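Everything below belongs to start-v9.cif, which stores mmCIF, C-alpha atoms and all ligand atoms; chains and numbers go by the auth columns.
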```cif
data_coords
#
loop_
_atom_site.group_PDB
_atom_site.id
_atom_site.type_symbol
_atom_site.label_atom_id
_atom_site.label_comp_id
_atom_site.label_asym_id
_atom_site.label_seq_id
_atom_site.Cartn_x
_atom_site.Cartn_y
_atom_site.Cartn_z
_atom_site.B_iso_or_equiv
_atom_site.auth_seq_id
_atom_site.auth_asym_id
ATOM 1 C CA MET A 1 -7.654 3.743 26.147 0.00 1 O
ATOM 2 C CA THR A 2 -6.538 0.523 27.743 0.00 2 O
ATOM 3 C CA GLN A 3 -6.227 -2.922 26.196 0.00 3 O
ATOM 4 C CA GLU A 4 -9.129 -4.260 28.289 0.00 4 O
ATOM 5 C CA THR A 5 -11.753 -2.406 26.250 0.00 5 O
ATOM 6 C CA PHE A 6 -10.796 -4.188 22.999 0.00 6 O
ATOM 7 C CA PRO A 7 -11.624 -7.716 21.804 0.00 7 O
ATOM 8 C CA ARG A 8 -9.064 -10.384 22.610 0.00 8 O
ATOM 9 C CA TYR A 9 -8.802 -13.733 20.846 0.00 9 O
ATOM 10 C CA SER A 10 -7.004 -16.998 21.569 0.00 10 O
ATOM 11 C CA LYS A 11 -3.205 -17.086 21.684 0.00 11 O
ATOM 12 C CA GLY A 12 -2.959 -19.113 18.454 0.00 12 O
ATOM 13 C CA ARG A 13 -5.282 -16.814 16.534 0.00 13 O
ATOM 14 C CA SER A 14 -3.487 -13.708 17.821 0.00 14 O
ATOM 15 C CA ILE A 15 -0.077 -15.126 16.920 0.00 15 O
ATOM 16 C CA LYS A 16 -1.321 -16.001 13.416 0.00 16 O
ATOM 17 C CA THR A 17 -2.723 -12.492 12.988 0.00 17 O
ATOM 18 C CA GLY A 18 0.565 -11.070 14.238 0.00 18 O
ATOM 19 C CA PHE A 19 2.509 -13.117 11.670 0.00 19 O
ATOM 20 C CA ARG A 20 0.574 -11.163 9.027 0.00 20 O
ATOM 21 C CA ARG A 21 1.645 -7.966 10.858 0.00 21 O
ATOM 22 C CA GLN A 22 -1.985 -7.062 11.472 0.00 22 O
ATOM 23 C CA CYS A 23 -3.870 -5.798 14.503 0.00 23 O
ATOM 24 C CA PRO A 24 -4.585 -8.647 16.940 0.00 24 O
ATOM 25 C CA SER A 25 -7.762 -6.861 18.066 0.00 25 O
ATOM 26 C CA CYS A 26 -9.657 -6.118 14.828 0.00 26 O
ATOM 27 C CA GLU A 27 -7.477 -8.216 12.450 0.00 27 O
ATOM 28 C CA ASN A 28 -8.099 -5.652 9.682 0.00 28 O
ATOM 29 C CA ALA A 29 -5.230 -3.180 9.735 0.00 29 O
ATOM 30 C CA LYS A 30 -1.456 -3.160 9.554 0.00 30 O
ATOM 31 C CA ILE A 31 0.100 -2.276 12.914 0.00 31 O
ATOM 32 C CA PHE A 32 3.622 -1.457 11.729 0.00 32 O
ATOM 33 C CA ALA A 33 4.626 2.092 10.842 0.00 33 O
ATOM 34 C CA GLY A 34 7.941 0.912 9.422 0.00 34 O
ATOM 35 C CA TYR A 35 10.142 -2.160 9.318 0.00 35 O
ATOM 36 C CA LEU A 36 9.913 -2.814 13.075 0.00 36 O
ATOM 37 C CA LYS A 37 8.236 0.281 14.526 0.00 37 O
ATOM 38 C CA LEU A 38 4.686 -0.190 15.753 0.00 38 O
ATOM 39 C CA LYS A 39 2.012 2.419 15.158 0.00 39 O
ATOM 40 C CA SER A 40 0.892 4.048 18.411 0.00 40 O
ATOM 41 C CA GLU A 41 -2.612 2.714 17.837 0.00 41 O
ATOM 42 C CA CYS A 42 -4.434 0.624 15.271 0.00 42 O
ATOM 43 C CA PRO A 43 -5.670 2.837 12.394 0.00 43 O
ATOM 44 C CA ASN A 44 -8.887 0.793 12.192 0.00 44 O
ATOM 45 C CA CYS A 45 -9.988 0.142 15.787 0.00 45 O
ATOM 46 C CA ALA A 46 -7.665 2.461 17.787 0.00 46 O
ATOM 47 C CA ALA A 47 -6.323 -0.413 19.916 0.00 47 O
ATOM 48 C CA PRO A 48 -3.233 0.868 21.785 0.00 48 O
ATOM 49 C CA ILE A 49 -0.785 -1.447 20.007 0.00 49 O
ATOM 50 C CA GLY A 50 2.093 1.007 20.450 0.00 50 O
ATOM 51 C CA GLN A 51 2.050 0.398 24.219 0.00 51 O
ATOM 52 C CA ILE A 52 3.275 -3.169 23.724 0.00 52 O
ATOM 53 C CA ARG A 53 7.044 -3.623 24.201 0.00 53 O
ATOM 54 C CA ALA A 54 8.289 -6.877 22.707 0.00 54 O
ATOM 55 C CA ASP A 55 11.891 -5.953 23.594 0.00 55 O
ATOM 56 C CA ASP A 56 14.471 -8.655 22.803 0.00 56 O
ATOM 57 C CA PHE A 57 12.142 -11.599 22.313 0.00 57 O
ATOM 58 C CA PRO A 58 11.671 -11.254 18.509 0.00 58 O
ATOM 59 C CA PRO A 59 15.453 -11.060 17.863 0.00 59 O
ATOM 60 C CA TYR A 60 15.967 -13.992 20.238 0.00 60 O
ATOM 61 C CA LEU A 61 13.434 -16.080 18.309 0.00 61 O
ATOM 62 C CA THR A 62 14.999 -15.009 15.012 0.00 62 O
ATOM 63 C CA ILE A 63 18.473 -16.087 16.108 0.00 63 O
ATOM 64 C CA LEU A 64 17.097 -19.349 17.486 0.00 64 O
ATOM 65 C CA ILE A 65 15.273 -20.259 14.271 0.00 65 O
ATOM 66 C CA VAL A 66 17.942 -19.087 11.817 0.00 66 O
ATOM 67 C CA GLY A 67 20.664 -20.852 13.797 0.00 67 O
ATOM 68 C CA HIS A 68 18.740 -24.107 13.966 0.00 68 O
ATOM 69 C CA ILE A 69 18.133 -24.068 10.209 0.00 69 O
ATOM 70 C CA LEU A 70 21.485 -22.809 8.952 0.00 70 O
ATOM 71 C CA LEU A 71 23.896 -24.668 11.210 0.00 71 O
ATOM 72 C CA PRO A 72 22.725 -28.196 10.287 0.00 72 O
ATOM 73 C CA ALA A 73 22.556 -27.114 6.623 0.00 73 O
ATOM 74 C CA LEU A 74 26.108 -25.776 6.822 0.00 74 O
ATOM 75 C CA VAL A 75 27.437 -28.985 8.368 0.00 75 O
ATOM 76 C CA TYR A 76 25.528 -31.146 5.872 0.00 76 O
ATOM 77 C CA VAL A 77 26.769 -29.178 2.851 0.00 77 O
ATOM 78 C CA GLU A 78 30.357 -29.203 4.139 0.00 78 O
ATOM 79 C CA LEU A 79 30.403 -32.932 4.873 0.00 79 O
ATOM 80 C CA THR A 80 28.561 -33.946 1.709 0.00 80 O
ATOM 81 C CA TYR A 81 29.791 -31.587 -1.029 0.00 81 O
ATOM 82 C CA HIS A 82 32.981 -29.941 0.327 0.00 82 O
ATOM 83 C CA PRO A 83 32.368 -26.653 -1.513 0.00 83 O
ATOM 84 C CA PRO A 84 35.185 -24.085 -1.773 0.00 84 O
ATOM 85 C CA THR A 85 35.734 -21.959 1.331 0.00 85 O
ATOM 86 C CA LEU A 86 35.167 -18.690 -0.547 0.00 86 O
ATOM 87 C CA PHE A 87 31.775 -19.965 -1.719 0.00 87 O
ATOM 88 C CA GLN A 88 30.805 -20.807 1.845 0.00 88 O
ATOM 89 C CA MET A 89 32.087 -17.476 3.159 0.00 89 O
ATOM 90 C CA ILE A 90 29.643 -15.769 0.792 0.00 90 O
ATOM 91 C CA LEU A 91 26.729 -18.200 1.022 0.00 91 O
ATOM 92 C CA TRP A 92 26.152 -18.668 4.752 0.00 92 O
ATOM 93 C CA PRO A 93 26.388 -15.050 5.933 0.00 93 O
ATOM 94 C CA SER A 94 24.160 -13.999 3.010 0.00 94 O
ATOM 95 C CA LEU A 95 21.561 -16.613 3.904 0.00 95 O
ATOM 96 C CA ALA A 96 21.745 -15.661 7.584 0.00 96 O
ATOM 97 C CA LEU A 97 21.222 -12.002 6.717 0.00 97 O
ATOM 98 C CA ILE A 98 18.315 -12.646 4.343 0.00 98 O
ATOM 99 C CA MET A 99 16.600 -15.061 6.719 0.00 99 O
ATOM 100 C CA SER A 100 17.072 -12.789 9.742 0.00 100 O
ATOM 101 C CA LEU A 101 15.788 -9.679 8.000 0.00 101 O
ATOM 102 C CA SER A 102 12.803 -11.619 6.659 0.00 102 O
ATOM 103 C CA LEU A 103 11.880 -13.321 9.912 0.00 103 O
ATOM 104 C CA LEU A 104 12.380 -10.466 12.373 0.00 104 O
ATOM 105 C CA PRO A 105 9.348 -8.322 11.417 0.00 105 O
ATOM 106 C CA VAL A 106 6.920 -11.252 11.216 0.00 106 O
ATOM 107 C CA LEU A 107 8.185 -12.671 14.502 0.00 107 O
ATOM 108 C CA LYS A 108 7.798 -9.256 16.112 0.00 108 O
ATOM 109 C CA GLY A 109 4.207 -9.187 14.853 0.00 109 O
ATOM 110 C CA ALA A 110 3.641 -12.665 16.272 0.00 110 O
ATOM 111 C CA VAL A 111 5.123 -11.686 19.653 0.00 111 O
ATOM 112 C CA VAL A 112 2.967 -8.548 19.755 0.00 112 O
ATOM 113 C CA GLY A 113 -0.094 -10.669 18.928 0.00 113 O
ATOM 114 C CA PHE A 114 0.819 -13.157 21.639 0.00 114 O
ATOM 115 C CA MET A 115 1.343 -10.377 24.194 0.00 115 O
ATOM 116 C CA TRP A 116 -1.977 -8.803 23.183 0.00 116 O
ATOM 117 C CA SER A 117 -3.775 -12.124 23.746 0.00 117 O
ATOM 118 C CA LEU A 118 -2.307 -12.254 27.261 0.00 118 O
ATOM 119 C CA GLY A 119 -3.068 -8.601 28.010 0.00 119 O
ATOM 120 C CA MET A 120 0.626 -7.846 28.454 0.00 120 O
ATOM 121 C CA LYS A 121 2.352 -4.570 27.628 0.00 121 O
ATOM 122 C CA GLY A 122 5.900 -5.659 28.395 0.00 122 O
ATOM 123 C CA ASP A 123 6.363 -3.454 31.450 0.00 123 O
ATOM 124 C CA GLU A 124 5.043 -5.939 33.991 0.00 124 O
ATOM 125 C CA GLN A 125 6.967 -6.254 37.257 0.00 125 O
ATOM 126 C CA HIS A 126 7.326 -9.615 38.979 0.00 126 O
HETATM 127 ZN ZN ZN B . -7.286 -2.900 15.078 0.00 201 O
#
```
If you took the structure in this file and wrote it as structure tokens, what would it be?
Amino acid sequence: MTQETFPRYSKGRSIKTGFRRQCPSCENAKIFAGYLKLKSECPNCAAPIGQIRADDFPPYLTILIVGHILLPALVYVELTYHPPTLFQMILWPSLALIMSLSLLPVLKGAVVGFMWSLGMKGDEQH
């Protein structure tokens, strides 16, 4: 089945549904088979979610967001409190890892929802 036969909502609604890692078509079922792997189709409405290729966009967004939060925090903490170097060598990489691993799956869901709302599969040629 193709994407055209399934309901499609606004970009904002689809992104919000994707943040919850749910099907952007029926909004009632989880679309992830694992941490980042999409199910081939929605278990509820059979929408072909697995056809969508988000590629590098979710990691790009993750790096962008984590970098823009952590870097100013790092500079602020260093200039204000001057914590020991060892403390910072443990703190900042740990925070970056936790934030990245937390954000990546929800951002992938959001990107998949956004692509679904546009009718994209990720293999378009321009
Ligand atoms: Zn569905």
I would like the residues chosen by the PyMOL selection byres (((chain O and resi 52) around 7) and not hetatm) on the shown file; could you give them as a list in words?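 This file gives the following for the PyMOL selection byres (((chain O and resi 52) around 7) and not hetatm): Ile49, Gly50, Gln51, Arg53, Ala54, Val112, Lys121 and Gly122 of chain O.
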Can those selected residues be exported to a file as a PDB file, in the frame of the given file so that it contains C-alpha atoms?
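Output (again11.pdb):
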```pdb
ATOM      1  CA  ILE O  49      -0.785  -1.447  20.007  1.00  0.00           C
ATOM      2  CA  GLY O  50       2.093   1.007  20.450  1.00  0.00           C
ATOM      3  CA  GLN O  51       2.050   0.398  24.219  1.00  0.00           C
ATOM      4  CA  ARG O  53       7.044  -3.623  24.201  1.00  0.00           C
ATOM      5  CA  ALA O  54       8.289  -6.877  22.707  1.00  0.00           C
ATOM      6  CA  VAL O 112       2.967  -8.548  19.755  1.00  0.00           C
ATOM      7  CA  LYS O 121       2.352  -4.570  27.628  1.00  0.00           C
ATOM      8  CA  GLY O 122       5.900  -5.659  28.395  1.00  0.00           C
TER       9      GLY O 122
END
```
From the options O:Phe114, O:Gln22, O:Ala29, O:Ile63, which residue's atoms come nearest to O:Ser102, counting only C-alpha atoms?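 Smallest distance to O:Ser102 is found for O:Ile63.
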Evaluate the PyMOL selection byres (((chain O and resi 92) around 12) and not hetatm) and report residues as number ranges by chain: O: 66-67, 69-75, 77-78, 83, 85-91, 93-100
O:Leu38, O:Ala47, O:Ala33, O:Leu104: which is nearest O:Leu61, counting all atoms listed in the file?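 For O:Leu61, the nearest of the candidates is O:Leu104.
We find atom CA of O:Cys26 and atom CA of O:Ile65 to be spaced 28.7 Å apart.
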Contacts to ligand ZN 201 (chain O) at 10 Å cut-off (only C-alpha atoms and all ligand atoms) as a ChimeraX atom specification: /O:6-7,22-31,41-49
Evaluate the PyMOL selection byres (((chain O and resi 110) around 6) and not hetatm) on the structure here and hand back the selected residues as number ranges by chain. O: 15, 18-19, 107-109, 111-113
Suppose you want the space between atom CA of O:Tyr60 and atom CA of O:Glu4; what is it in Å?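 According to the coordinates, atom CA of O:Tyr60 and atom CA of O:Glu4 are separated by 28.1 Å.
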In Å, with one decimal, what is the gap from atom CA of O:Leu36 to atom CA of O:Met120?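 Going from atom CA of O:Leu36 over to atom CA of O:Met120 covers 18.7 Å.
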